[in-house]
$ cat start-v2.pdb   # PDB, C-alpha atoms and all ligand atoms
ATOM      1  CA  MET A 287      -0.962  15.369  -7.291  1.00  0.00           C
ATOM      2  CA  GLU A 288      -0.973  15.878  -3.533  1.00  0.00           C
ATOM      3  CA  ILE A 289      -3.308  14.857  -0.712  1.00  0.00           C
ATOM      4  CA  ARG A 290      -3.033  16.066   2.881  1.00  0.00           C
ATOM      5  CA  THR A 291      -4.376  14.112   5.828  1.00  0.00           C
ATOM      6  CA  ALA A 292      -4.195  15.018   9.520  1.00  0.00           C
ATOM      7  CA  ARG A 293      -0.564  13.894   9.765  1.00  0.00           C
ATOM      8  CA  LEU A 294       0.588  12.933   6.284  1.00  0.00           C
ATOM      9  CA  THR A 295       1.222  14.209   2.798  1.00  0.00           C
ATOM     10  CA  LEU A 296       0.587  11.800  -0.066  1.00  0.00           C
ATOM     11  CA  ARG A 297       2.128  12.905  -3.340  1.00  0.00           C
ATOM     12  CA  SER A 298       3.431  11.651  -6.666  1.00  0.00           C
ATOM     13  CA  ALA A 299       6.873  10.028  -6.608  1.00  0.00           C
ATOM     14  CA  ARG A 300      10.001  12.044  -7.498  1.00  0.00           C
ATOM     15  CA  PRO A 301      13.600  11.024  -8.272  1.00  0.00           C
ATOM     16  CA  ASP A 302      14.790  12.434  -4.922  1.00  0.00           C
ATOM     17  CA  ASP A 303      12.619   9.883  -3.084  1.00  0.00           C
ATOM     18  CA  LEU A 304      15.322   7.316  -3.852  1.00  0.00           C
ATOM     19  CA  GLU A 305      17.135   7.289  -0.494  1.00  0.00           C
ATOM     20  CA  GLY A 306      13.942   7.369   1.533  1.00  0.00           C
ATOM     21  CA  MET A 307      12.291   4.570  -0.402  1.00  0.00           C
ATOM     22  CA  HIS A 308      15.493   2.516  -0.400  1.00  0.00           C
ATOM     23  CA  ALA A 309      15.624   2.691   3.404  1.00  0.00           C
ATOM     24  CA  ILE A 310      12.204   0.998   3.402  1.00  0.00           C
ATOM     25  CA  LEU A 311      12.536  -1.456   0.509  1.00  0.00           C
ATOM     26  CA  SER A 312      15.941  -2.667   1.750  1.00  0.00           C
ATOM     27  CA  ASP A 313      14.638  -3.326   5.288  1.00  0.00           C
ATOM     28  CA  PRO A 314      13.883  -7.043   5.792  1.00  0.00           C
ATOM     29  CA  ARG A 315      11.235  -6.220   8.426  1.00  0.00           C
ATOM     30  CA  ALA A 316       9.319  -4.167   5.869  1.00  0.00           C
ATOM     31  CA  THR A 317       9.683  -6.659   3.000  1.00  0.00           C
ATOM     32  CA  LEU A 318       8.885  -9.809   4.997  1.00  0.00           C
ATOM     33  CA  TRP A 319       5.554 -10.172   3.154  1.00  0.00           C
ATOM     34  CA  TRP A 320       6.363  -7.971   0.143  1.00  0.00           C
ATOM     35  CA  SER A 321       6.449  -9.289  -3.426  1.00  0.00           C
ATOM     36  CA  THR A 322      10.247  -8.971  -3.637  1.00  0.00           C
ATOM     37  CA  PRO A 323      13.141  -9.712  -1.242  1.00  0.00           C
ATOM     38  CA  PRO A 324      14.802  -6.675   0.390  1.00  0.00           C
ATOM     39  CA  HIS A 325      16.516  -4.480  -2.197  1.00  0.00           C
ATOM     40  CA  GLU A 326      20.270  -4.982  -1.972  1.00  0.00           C
ATOM     41  CA  THR A 327      21.305  -2.051  -4.150  1.00  0.00           C
ATOM     42  CA  LEU A 328      20.166   1.517  -4.734  1.00  0.00           C
ATOM     43  CA  GLU A 329      19.828   0.594  -8.416  1.00  0.00           C
ATOM     44  CA  GLN A 330      17.038  -1.846  -7.572  1.00  0.00           C
ATOM     45  CA  THR A 331      15.134   0.866  -5.765  1.00  0.00           C
ATOM     46  CA  ALA A 332      15.870   3.323  -8.598  1.00  0.00           C
ATOM     47  CA  ALA A 333      14.269   0.913 -11.072  1.00  0.00           C
ATOM     48  CA  TRP A 334      11.265   0.487  -8.762  1.00  0.00           C
ATOM     49  CA  LEU A 335      10.955   4.277  -8.367  1.00  0.00           C
ATOM     50  CA  ASP A 336      11.297   4.831 -12.121  1.00  0.00           C
ATOM     51  CA  GLY A 337       8.312   2.532 -12.600  1.00  0.00           C
ATOM     52  CA  MET A 338       6.272   4.565 -10.150  1.00  0.00           C
ATOM     53  CA  ILE A 339       7.285   7.877 -11.775  1.00  0.00           C
ATOM     54  CA  ALA A 340       6.665   6.517 -15.287  1.00  0.00           C
ATOM     55  CA  ASN A 341       3.086   5.754 -14.255  1.00  0.00           C
ATOM     56  CA  GLY A 342       2.543   9.516 -14.337  1.00  0.00           C
ATOM     57  CA  PRO A 343       1.252  12.133 -11.916  1.00  0.00           C
ATOM     58  CA  ASP A 344      -2.399  11.121 -12.398  1.00  0.00           C
ATOM     59  CA  GLN A 345      -1.830   7.581 -11.157  1.00  0.00           C
ATOM     60  CA  PRO A 346      -3.338   7.258  -7.647  1.00  0.00           C
ATOM     61  CA  ASP A 347      -0.105   5.837  -6.213  1.00  0.00           C
ATOM     62  CA  PHE A 348       1.618   7.985  -3.619  1.00  0.00           C
ATOM     63  CA  VAL A 349       4.816   8.478  -1.712  1.00  0.00           C
ATOM     64  CA  VAL A 350       3.887   9.110   1.927  1.00  0.00           C
ATOM     65  CA  GLU A 351       5.616  11.873   3.883  1.00  0.00           C
ATOM     66  CA  LEU A 352       5.489  12.435   7.640  1.00  0.00           C
ATOM     67  CA  GLU A 353       6.920  15.750   8.831  1.00  0.00           C
ATOM     68  CA  GLY A 354       8.905  16.099   5.619  1.00  0.00           C
ATOM     69  CA  ARG A 355      10.371  12.588   5.768  1.00  0.00           C
ATOM     70  CA  VAL A 356       9.558   9.899   3.205  1.00  0.00           C
ATOM     71  CA  VAL A 357       8.042   7.083   5.281  1.00  0.00           C
ATOM     72  CA  GLY A 358       6.451   4.867   2.651  1.00  0.00           C
ATOM     73  CA  LYS A 359       4.073   4.460  -0.216  1.00  0.00           C
ATOM     74  CA  ALA A 360       0.356   3.840  -0.492  1.00  0.00           C
ATOM     75  CA  GLY A 361      -1.928   3.485  -3.440  1.00  0.00           C
ATOM     76  CA  PHE A 362      -2.470   1.743  -6.725  1.00  0.00           C
ATOM     77  CA  TRP A 363       0.459   0.998  -8.999  1.00  0.00           C
ATOM     78  CA  ARG A 364      -2.124  -0.764 -11.159  1.00  0.00           C
ATOM     79  CA  LEU A 365      -5.776  -0.116 -10.436  1.00  0.00           C
ATOM     80  CA  PRO A 366      -7.666  -1.760  -8.816  1.00  0.00           C
ATOM     81  CA  ASP A 367      -4.884  -3.446  -6.802  1.00  0.00           C
ATOM     82  CA  LEU A 368      -3.925  -1.711  -3.552  1.00  0.00           C
ATOM     83  CA  GLY A 369      -0.359  -1.720  -2.210  1.00  0.00           C
ATOM     84  CA  TYR A 370       1.311  -0.062   0.768  1.00  0.00           C
ATOM     85  CA  ILE A 371       4.490  -0.207   2.796  1.00  0.00           C
ATOM     86  CA  LEU A 372       5.739   1.990   5.621  1.00  0.00           C
ATOM     87  CA  HIS A 373       9.106   2.261   7.360  1.00  0.00           C
ATOM     88  CA  PRO A 374       9.110   0.077  10.512  1.00  0.00           C
ATOM     89  CA  ASP A 375      10.103   3.180  12.535  1.00  0.00           C
ATOM     90  CA  VAL A 376       6.582   4.540  12.127  1.00  0.00           C
ATOM     91  CA  TRP A 377       4.480   1.371  12.449  1.00  0.00           C
ATOM     92  CA  GLY A 378       1.766   1.091  15.077  1.00  0.00           C
ATOM     93  CA  ARG A 379       0.560   4.705  15.020  1.00  0.00           C
ATOM     94  CA  GLY A 380      -2.387   4.366  12.673  1.00  0.00           C
ATOM     95  CA  LEU A 381      -0.446   5.959   9.818  1.00  0.00           C
ATOM     96  CA  ALA A 382      -1.085   3.159   7.331  1.00  0.00           C
ATOM     97  CA  ALA A 383      -4.803   3.389   8.016  1.00  0.00           C
ATOM     98  CA  GLU A 384      -4.645   7.170   7.508  1.00  0.00           C
ATOM     99  CA  ALA A 385      -2.654   6.957   4.267  1.00  0.00           C
ATOM    100  CA  VAL A 386      -4.550   4.073   2.699  1.00  0.00           C
ATOM    101  CA  LYS A 387      -7.939   5.545   3.546  1.00  0.00           C
ATOM    102  CA  ALA A 388      -6.912   8.792   1.837  1.00  0.00           C
ATOM    103  CA  ALA A 389      -5.776   6.921  -1.286  1.00  0.00           C
ATOM    104  CA  ILE A 390      -9.024   4.915  -1.400  1.00  0.00           C
ATOM    105  CA  ASP A 391     -11.202   7.999  -0.887  1.00  0.00           C
ATOM    106  CA  HIS A 392      -9.316   9.723  -3.700  1.00  0.00           C
ATOM    107  CA  VAL A 393      -9.886   6.834  -6.106  1.00  0.00           C
ATOM    108  CA  PHE A 394     -13.589   6.496  -5.352  1.00  0.00           C
ATOM    109  CA  ALA A 395     -13.984  10.277  -5.712  1.00  0.00           C
ATOM    110  CA  THR A 396     -12.103  10.591  -9.007  1.00  0.00           C
ATOM    111  CA  ARG A 397     -12.623   7.282 -10.843  1.00  0.00           C
ATOM    112  CA  GLU A 398     -15.666   5.343 -11.899  1.00  0.00           C
ATOM    113  CA  ILE A 399     -14.207   2.152 -10.484  1.00  0.00           C
ATOM    114  CA  GLU A 400     -16.606   0.074  -8.339  1.00  0.00           C
ATOM    115  CA  THR A 401     -14.291  -2.387  -6.600  1.00  0.00           C
ATOM    116  CA  LEU A 402     -10.758  -2.212  -5.237  1.00  0.00           C
ATOM    117  CA  THR A 403      -8.708  -5.331  -4.497  1.00  0.00           C
ATOM    118  CA  ALA A 404      -5.797  -6.452  -2.354  1.00  0.00           C
ATOM    119  CA  ASP A 405      -3.608  -9.561  -2.208  1.00  0.00           C
ATOM    120  CA  VAL A 406      -2.111 -10.288   1.211  1.00  0.00           C
ATOM    121  CA  ASP A 407       0.033 -13.023   2.725  1.00  0.00           C
ATOM    122  CA  PRO A 408      -2.061 -15.035   5.235  1.00  0.00           C
ATOM    123  CA  GLU A 409       0.711 -14.479   7.824  1.00  0.00           C
ATOM    124  CA  ASN A 410       0.655 -10.695   7.454  1.00  0.00           C
ATOM    125  CA  ALA A 411      -1.519  -9.963  10.479  1.00  0.00           C
ATOM    126  CA  ALA A 412      -0.996  -6.185  10.432  1.00  0.00           C
ATOM    127  CA  SER A 413      -2.002  -5.902   6.786  1.00  0.00           C
ATOM    128  CA  ILE A 414      -5.051  -8.160   7.206  1.00  0.00           C
ATOM    129  CA  ARG A 415      -6.182  -6.135  10.220  1.00  0.00           C
ATOM    130  CA  LEU A 416      -5.687  -2.905   8.271  1.00  0.00           C
ATOM    131  CA  LEU A 417      -7.734  -4.129   5.285  1.00  0.00           C
ATOM    132  CA  GLU A 418     -10.563  -5.383   7.479  1.00  0.00           C
ATOM    133  CA  ARG A 419     -10.643  -2.094   9.417  1.00  0.00           C
ATOM    134  CA  LEU A 420     -10.998  -0.296   6.089  1.00  0.00           C
ATOM    135  CA  GLY A 421     -13.992  -2.458   5.169  1.00  0.00           C
ATOM    136  CA  PHE A 422     -12.322  -4.911   2.775  1.00  0.00           C
ATOM    137  CA  VAL A 423     -13.950  -8.339   2.673  1.00  0.00           C
ATOM    138  CA  ARG A 424     -12.193 -11.617   2.015  1.00  0.00           C
ATOM    139  CA  THR A 425     -12.986 -13.026  -1.421  1.00  0.00           C
ATOM    140  CA  GLY A 426     -10.603 -15.950  -1.793  1.00  0.00           C
ATOM    141  CA  PHE A 427      -7.391 -17.805  -1.101  1.00  0.00           C
ATOM    142  CA  ALA A 428      -4.750 -19.298  -3.366  1.00  0.00           C
ATOM    143  CA  ALA A 429      -1.669 -21.330  -2.470  1.00  0.00           C
ATOM    144  CA  ARG A 430       1.818 -20.726  -3.888  1.00  0.00           C
ATOM    145  CA  THR A 431       1.014 -17.483  -5.688  1.00  0.00           C
ATOM    146  CA  TRP A 432       4.320 -15.695  -5.195  1.00  0.00           C
ATOM    147  CA  ASN A 433       7.853 -17.023  -5.285  1.00  0.00           C
ATOM    148  CA  VAL A 434       9.872 -14.499  -3.302  1.00  0.00           C
ATOM    149  CA  GLY A 435      13.588 -15.232  -3.176  1.00  0.00           C
ATOM    150  CA  GLY A 436      12.952 -18.966  -3.668  1.00  0.00           C
ATOM    151  CA  VAL A 437      10.169 -19.269  -1.070  1.00  0.00           C
ATOM    152  CA  TRP A 438       6.566 -19.883  -2.102  1.00  0.00           C
ATOM    153  CA  LYS A 439       3.968 -17.618  -0.481  1.00  0.00           C
ATOM    154  CA  ASP A 440       0.180 -17.852  -0.420  1.00  0.00           C
ATOM    155  CA  SER A 441      -2.421 -15.149  -1.003  1.00  0.00           C
ATOM    156  CA  ILE A 442      -5.647 -14.112   0.632  1.00  0.00           C
ATOM    157  CA  TYR A 443      -7.659 -11.914  -1.710  1.00  0.00           C
ATOM    158  CA  TYR A 444      -9.699  -8.979  -0.475  1.00  0.00           C
ATOM    159  CA  ALA A 445     -12.110  -6.579  -2.132  1.00  0.00           C
ATOM    160  CA  LEU A 446     -13.712  -3.272  -1.215  1.00  0.00           C
ATOM    161  CA  SER A 447     -16.733  -2.086  -3.158  1.00  0.00           C
ATOM    162  CA  ARG A 448     -18.121   1.430  -3.036  1.00  0.00           C
ATOM    163  CA  ALA A 449     -21.114   0.016  -1.183  1.00  0.00           C
ATOM    164  CA  ASP A 450     -18.964  -1.767   1.458  1.00  0.00           C
ATOM    165  CA  ARG A 451     -17.056   1.422   2.000  1.00  0.00           C
ATOM    166  CA  GLY A 452     -20.246   3.430   2.342  1.00  0.00           C
ATOM    167  CA  ALA A 453     -21.516   0.970   4.952  1.00  0.00           C
ATOM    168  CA  THR A 454     -18.242   1.162   6.910  1.00  0.00           C
ATOM    169  CA  GLN A 455     -18.298   4.929   6.923  1.00  0.00           C
ATOM    170  CA  GLY A 456     -21.960   5.166   7.770  1.00  0.00           C
ATOM    171  CA  GLU A 457     -22.719   6.778   4.422  1.00  0.00           C
ATOM    172  CA  GLN A 458     -25.697   5.874   2.360  1.00  0.00           C
ATOM    173  CA  ALA A 459     -24.807   3.507  -0.458  1.00  0.00           C
ATOM    174  CA  PRO A 460     -25.788   4.829  -3.892  1.00  0.00           C
ATOM    175  CA  ALA A 461     -29.127   3.462  -5.110  1.00  0.00           C
TER     176      ALA A 461
HETATM  177  C1  LIG B 501       0.974  -3.230   7.047  1.00  0.00           C
HETATM  178  C2  LIG B 501       1.587  -1.907   7.521  1.00  0.00           C
HETATM  179  C3  LIG B 501       1.541  -0.906   6.374  1.00  0.00           C
HETATM  180  C4  LIG B 501       0.763  -1.405   8.717  1.00  0.00           C
HETATM  181  O1  LIG B 501       1.288  -0.133   9.101  1.00  0.00           O
HETATM  182  P1  LIG B 501       0.898   0.599  10.481  1.00  0.00           P
HETATM  183  O2  LIG B 501       1.021   2.056  10.258  1.00  0.00           O
HETATM  184  O3  LIG B 501       1.645  -0.024  11.590  1.00  0.00           O
HETATM  185  O4  LIG B 501      -0.653   0.205  10.600  1.00  0.00           O
HETATM  186  P2  LIG B 501      -1.731   0.939  11.502  1.00  0.00           P
HETATM  187  O5  LIG B 501      -1.040   1.492  12.726  1.00  0.00           O
HETATM  188  O6  LIG B 501      -2.543   1.849  10.660  1.00  0.00           O
HETATM  189  O7  LIG B 501      -2.580  -0.298  11.997  1.00  0.00           O
HETATM  190  C5  LIG B 501      -3.630  -0.859  11.234  1.00  0.00           C
HETATM  191  C6  LIG B 501      -4.276  -1.967  12.064  1.00  0.00           C
HETATM  192  O8  LIG B 501      -3.390  -3.100  12.122  1.00  0.00           O
HETATM  193  C7  LIG B 501      -3.114  -3.431  13.493  1.00  0.00           C
HETATM  194  N1  LIG B 501      -1.739  -3.892  13.570  1.00  0.00           N
HETATM  195  C8  LIG B 501      -0.616  -3.159  13.370  1.00  0.00           C
HETATM  196  N2  LIG B 501       0.466  -3.948  13.502  1.00  0.00           N
HETATM  197  C9  LIG B 501       0.000  -5.189  13.810  1.00  0.00           C
HETATM  198  C10 LIG B 501       0.627  -6.440  14.047  1.00  0.00           C
HETATM  199  N3  LIG B 501       1.949  -6.580  13.980  1.00  0.00           N
HETATM  200  N4  LIG B 501      -0.168  -7.492  14.297  1.00  0.00           N
HETATM  201  C11 LIG B 501      -1.517  -7.391  14.331  1.00  0.00           C
HETATM  202  N5  LIG B 501      -2.171  -6.228  14.089  1.00  0.00           N
HETATM  203  C12 LIG B 501      -1.410  -5.149  13.836  1.00  0.00           C
HETATM  204  C13 LIG B 501      -3.328  -2.150  14.248  1.00  0.00           C
HETATM  205  O9  LIG B 501      -3.610  -2.396  15.618  1.00  0.00           O
HETATM  206  C14 LIG B 501      -4.514  -1.549  13.518  1.00  0.00           C
HETATM  207  O10 LIG B 501      -5.697  -2.173  13.916  1.00  0.00           O
HETATM  208  P3  LIG B 501      -6.690  -1.387  14.916  1.00  0.00           P
HETATM  209  O11 LIG B 501      -7.125  -0.179  14.143  1.00  0.00           O
HETATM  210  O12 LIG B 501      -7.759  -2.361  15.171  1.00  0.00           O
HETATM  211  O13 LIG B 501      -5.880  -1.046  16.129  1.00  0.00           O
HETATM  212  C15 LIG B 501       3.052  -2.077   7.994  1.00  0.00           C
HETATM  213  O14 LIG B 501       3.092  -3.094   8.955  1.00  0.00           O
HETATM  214  C16 LIG B 501       3.995  -2.408   6.858  1.00  0.00           C
HETATM  215  O15 LIG B 501       4.525  -1.536   6.182  1.00  0.00           O
HETATM  216  N6  LIG B 501       4.262  -3.720   6.646  1.00  0.00           N
HETATM  217  C17 LIG B 501       5.196  -4.142   5.628  1.00  0.00           C
HETATM  218  C18 LIG B 501       4.658  -3.998   4.223  1.00  0.00           C
HETATM  219  C19 LIG B 501       3.442  -4.837   3.969  1.00  0.00           C
HETATM  220  O16 LIG B 501       3.321  -5.938   4.488  1.00  0.00           O
HETATM  221  N7  LIG B 501       2.534  -4.294   3.159  1.00  0.00           N
HETATM  222  C20 LIG B 501       1.303  -4.949   2.822  1.00  0.00           C
HETATM  223  C21 LIG B 501       1.456  -5.913   1.726  1.00  0.00           C
HETATM  224  S1  LIG B 501      -0.169  -6.629   1.362  1.00  0.00           S
END
$ encode --input "start-v2.pdb" --output "structure tokens"
Amino acid sequence: MEIRTARLTLRSARPDDLEGMHAILSDPRATLWWSTPPHETLEQTAAWLDGMIANGPDQPDFVVELEGRVVGKAGFWRLPDLGYILHPDVWGRGLAAEAVKAAIDHVFATREIETLTADVDPENAASIRLLERLGFVRTGFAARTWNVGGVWKDSIYYALSRADRGATQGEQAPA
């Protein structure tokens, strides 16, 4: 499965994505609000990547490539929950918005699902801004939802329905 956007290729994960994904998942800047502490060993990333590959090529969860380099992942390891992470080298260029929008469009085009969800740390300003730009609306908050390396983190919950997305994109919502 492969999707092309203006600047990116989104495709199914492969074993040779190990080094590229490890560079991201071992970077403490990238994992500051992730569900796990930075990966310390390649084996940790290999196990993570195996999980993504085992999900199968039809799963709408994608490794993101920029000019042939693995720069992150975007998509749905488990529908309807959205997840994304990019290498800090490429932040601030609108690439997350481009990748995540492509993954969302793909899911709404190929699945009957009505609502997508996201769970974000209240301190993760970039991620919150990204979700709101994509039309996600806040649906809730819960304290102490994730214990990451011994530190409790909170969650803000977001949702995007087909109708919200249609409104954001200026499309007509289905009757
Ligand atoms: C969240 C993340 C994917 C954003 O990547 P990115 O490519 O820099 O994002 P974009 O350039 O597409 O920016 C999306 C929006 O967030 C804003 N933004 C980016 N970084 C920001 C920051 N540090 N603070 C506030 N807003 C920020 C951008 O200005 C943009 O909003 P705009 O369209 O109004 O200008 C990236 O920071 C990341 O990988 N973080 C670590 C992993 C993570 O936290 N994942 C989410 C878990 S829920």
$ atom_distance --input "start-v2.pdb" --atom1 "CA of His308 in chain A" --atom2 "CA of Lys359 in chain A"
11.6 Å
$ resolve_selection --input "start-v2.pdb" --expression "the PyMOL selection byres (((chain A and resi 322-338) around 7) and not hetatm)" --output "list in words"
Ala299, Leu304, His308, Leu311, Ser312, Asp313, Pro314, Thr317, Trp320, Ser321, Ile339, Ala340, Asn341, Trp363, Val434 and Gly435 of chain A
$ resolve_selection --input "start-v2.pdb" --expression "the PyMOL selection byres (((chain A and resi 361) around 6) and not hetatm)" --output "PyMOL selection string"
chain A and resi 346-348+360+362+368-369+389
$ atom_distance --input "start-v2.pdb" --atom1 "atom N3 of ligand LIG 501 (chain B)" --atom2 "CA of Glu288 in chain A"
28.6 Å
$ residues_near_ligand --input "start-v2.pdb" --ligand "ligand LIG 501 (chain B)" --cutoff "8 Å" --atoms "all atoms listed in the file" --output "tab-separated table (two decimals) with C-alpha atoms, in the frame of the given file"
chain	number	residue	atom	x	y	z
A	315	ARG	CA	11.24	-6.22	8.43
A	316	ALA	CA	9.32	-4.17	5.87
A	317	THR	CA	9.68	-6.66	3.00
A	318	LEU	CA	8.88	-9.81	5.00
A	319	TRP	CA	5.55	-10.17	3.15
A	320	TRP	CA	6.36	-7.97	0.14
A	321	SER	CA	6.45	-9.29	-3.43
A	358	GLY	CA	6.45	4.87	2.65
A	368	LEU	CA	-3.92	-1.71	-3.55
A	369	GLY	CA	-0.36	-1.72	-2.21
A	370	TYR	CA	1.31	-0.06	0.77
A	371	ILE	CA	4.49	-0.21	2.80
A	372	LEU	CA	5.74	1.99	5.62
A	373	HIS	CA	9.11	2.26	7.36
A	374	PRO	CA	9.11	0.08	10.51
A	376	VAL	CA	6.58	4.54	12.13
A	377	TRP	CA	4.48	1.37	12.45
A	378	GLY	CA	1.77	1.09	15.08
A	379	ARG	CA	0.56	4.70	15.02
A	380	GLY	CA	-2.39	4.37	12.67
A	381	LEU	CA	-0.45	5.96	9.82
A	382	ALA	CA	-1.08	3.16	7.33
A	383	ALA	CA	-4.80	3.39	8.02
A	384	GLU	CA	-4.64	7.17	7.51
A	404	ALA	CA	-5.80	-6.45	-2.35
A	405	ASP	CA	-3.61	-9.56	-2.21
A	406	VAL	CA	-2.11	-10.29	1.21
A	407	ASP	CA	0.03	-13.02	2.72
A	410	ASN	CA	0.66	-10.70	7.45
A	411	ALA	CA	-1.52	-9.96	10.48
A	412	ALA	CA	-1.00	-6.18	10.43
A	413	SER	CA	-2.00	-5.90	6.79
A	414	ILE	CA	-5.05	-8.16	7.21
A	415	ARG	CA	-6.18	-6.14	10.22
A	416	LEU	CA	-5.69	-2.90	8.27
A	417	LEU	CA	-7.73	-4.13	5.28
A	419	ARG	CA	-10.64	-2.09	9.42
$ build_atoms --input "start-v2.pdb" --residues "range 393-410 of chain A" --atoms "N, CA, C and O atoms" --output "PDB file, in the coordinates of the input"
ATOM      1  N   VAL A 393      -9.515   7.638  -4.933  1.00  0.00           N
ATOM      2  CA  VAL A 393      -9.886   6.834  -6.106  1.00  0.00           C
ATOM      3  C   VAL A 393     -11.400   6.796  -6.285  1.00  0.00           C
ATOM      4  O   VAL A 393     -11.909   7.001  -7.394  1.00  0.00           O
ATOM      5  N   PHE A 394     -12.126   6.552  -5.198  1.00  0.00           N
ATOM      6  CA  PHE A 394     -13.589   6.496  -5.352  1.00  0.00           C
ATOM      7  C   PHE A 394     -14.159   7.861  -5.746  1.00  0.00           C
ATOM      8  O   PHE A 394     -15.186   7.932  -6.419  1.00  0.00           O
ATOM      9  N   ALA A 395     -13.488   8.940  -5.358  1.00  0.00           N
ATOM     10  CA  ALA A 395     -13.984  10.277  -5.712  1.00  0.00           C
ATOM     11  C   ALA A 395     -13.660  10.659  -7.156  1.00  0.00           C
ATOM     12  O   ALA A 395     -14.371  11.459  -7.757  1.00  0.00           O
ATOM     13  N   THR A 396     -12.570  10.108  -7.705  1.00  0.00           N
ATOM     14  CA  THR A 396     -12.103  10.591  -9.007  1.00  0.00           C
ATOM     15  C   THR A 396     -12.234   9.573 -10.144  1.00  0.00           C
ATOM     16  O   THR A 396     -12.045   9.926 -11.301  1.00  0.00           O
ATOM     17  N   ARG A 397     -12.520   8.319  -9.807  1.00  0.00           N
ATOM     18  CA  ARG A 397     -12.623   7.282 -10.843  1.00  0.00           C
ATOM     19  C   ARG A 397     -13.979   6.609 -10.769  1.00  0.00           C
ATOM     20  O   ARG A 397     -14.591   6.571  -9.705  1.00  0.00           O
ATOM     21  N   GLU A 398     -14.359   6.013 -11.882  1.00  0.00           N
ATOM     22  CA  GLU A 398     -15.666   5.343 -11.899  1.00  0.00           C
ATOM     23  C   GLU A 398     -15.585   3.919 -11.372  1.00  0.00           C
ATOM     24  O   GLU A 398     -16.583   3.216 -11.363  1.00  0.00           O
ATOM     25  N   ILE A 399     -14.431   3.524 -10.925  1.00  0.00           N
ATOM     26  CA  ILE A 399     -14.207   2.152 -10.484  1.00  0.00           C
ATOM     27  C   ILE A 399     -15.165   1.764  -9.341  1.00  0.00           C
ATOM     28  O   ILE A 399     -15.476   2.589  -8.491  1.00  0.00           O
ATOM     29  N   GLU A 400     -15.643   0.519  -9.359  1.00  0.00           N
ATOM     30  CA  GLU A 400     -16.606   0.074  -8.339  1.00  0.00           C
ATOM     31  C   GLU A 400     -15.964  -0.750  -7.246  1.00  0.00           C
ATOM     32  O   GLU A 400     -16.478  -0.803  -6.124  1.00  0.00           O
ATOM     33  N   THR A 401     -14.868  -1.452  -7.569  1.00  0.00           N
ATOM     34  CA  THR A 401     -14.291  -2.387  -6.600  1.00  0.00           C
ATOM     35  C   THR A 401     -12.776  -2.293  -6.600  1.00  0.00           C
ATOM     36  O   THR A 401     -12.145  -2.331  -7.664  1.00  0.00           O
ATOM     37  N   LEU A 402     -12.209  -2.195  -5.411  1.00  0.00           N
ATOM     38  CA  LEU A 402     -10.758  -2.212  -5.237  1.00  0.00           C
ATOM     39  C   LEU A 402     -10.360  -3.566  -4.665  1.00  0.00           C
ATOM     40  O   LEU A 402     -11.159  -4.212  -3.977  1.00  0.00           O
ATOM     41  N   THR A 403      -9.128  -3.992  -4.929  1.00  0.00           N
ATOM     42  CA  THR A 403      -8.708  -5.331  -4.497  1.00  0.00           C
ATOM     43  C   THR A 403      -7.365  -5.267  -3.780  1.00  0.00           C
ATOM     44  O   THR A 403      -6.599  -4.306  -3.922  1.00  0.00           O
ATOM     45  N   ALA A 404      -7.100  -6.324  -3.005  1.00  0.00           N
ATOM     46  CA  ALA A 404      -5.797  -6.452  -2.354  1.00  0.00           C
ATOM     47  C   ALA A 404      -5.446  -7.933  -2.258  1.00  0.00           C
ATOM     48  O   ALA A 404      -6.333  -8.790  -2.192  1.00  0.00           O
ATOM     49  N   ASP A 405      -4.163  -8.201  -2.244  1.00  0.00           N
ATOM     50  CA  ASP A 405      -3.608  -9.561  -2.208  1.00  0.00           C
ATOM     51  C   ASP A 405      -2.628  -9.574  -1.047  1.00  0.00           C
ATOM     52  O   ASP A 405      -1.628  -8.858  -1.078  1.00  0.00           O
ATOM     53  N   VAL A 406      -2.920 -10.361  -0.008  1.00  0.00           N
ATOM     54  CA  VAL A 406      -2.111 -10.288   1.211  1.00  0.00           C
ATOM     55  C   VAL A 406      -1.682 -11.681   1.654  1.00  0.00           C
ATOM     56  O   VAL A 406      -2.428 -12.655   1.495  1.00  0.00           O
ATOM     57  N   ASP A 407      -0.467 -11.756   2.184  1.00  0.00           N
ATOM     58  CA  ASP A 407       0.033 -13.023   2.725  1.00  0.00           C
ATOM     59  C   ASP A 407      -0.787 -13.382   3.967  1.00  0.00           C
ATOM     60  O   ASP A 407      -0.996 -12.528   4.841  1.00  0.00           O
ATOM     61  N   PRO A 408      -1.249 -14.648   4.068  1.00  0.00           N
ATOM     62  CA  PRO A 408      -2.061 -15.035   5.235  1.00  0.00           C
ATOM     63  C   PRO A 408      -1.355 -14.797   6.569  1.00  0.00           C
ATOM     64  O   PRO A 408      -2.018 -14.678   7.602  1.00  0.00           O
ATOM     65  N   GLU A 409      -0.031 -14.715   6.566  1.00  0.00           N
ATOM     66  CA  GLU A 409       0.711 -14.479   7.824  1.00  0.00           C
ATOM     67  C   GLU A 409       0.856 -12.999   8.158  1.00  0.00           C
ATOM     68  O   GLU A 409       1.368 -12.654   9.228  1.00  0.00           O
ATOM     69  N   ASN A 410       0.428 -12.138   7.265  1.00  0.00           N
ATOM     70  CA  ASN A 410       0.655 -10.695   7.454  1.00  0.00           C
ATOM     71  C   ASN A 410      -0.484 -10.081   8.276  1.00  0.00           C
ATOM     72  O   ASN A 410      -1.385  -9.415   7.754  1.00  0.00           O
TER      73      ASN A 410
END
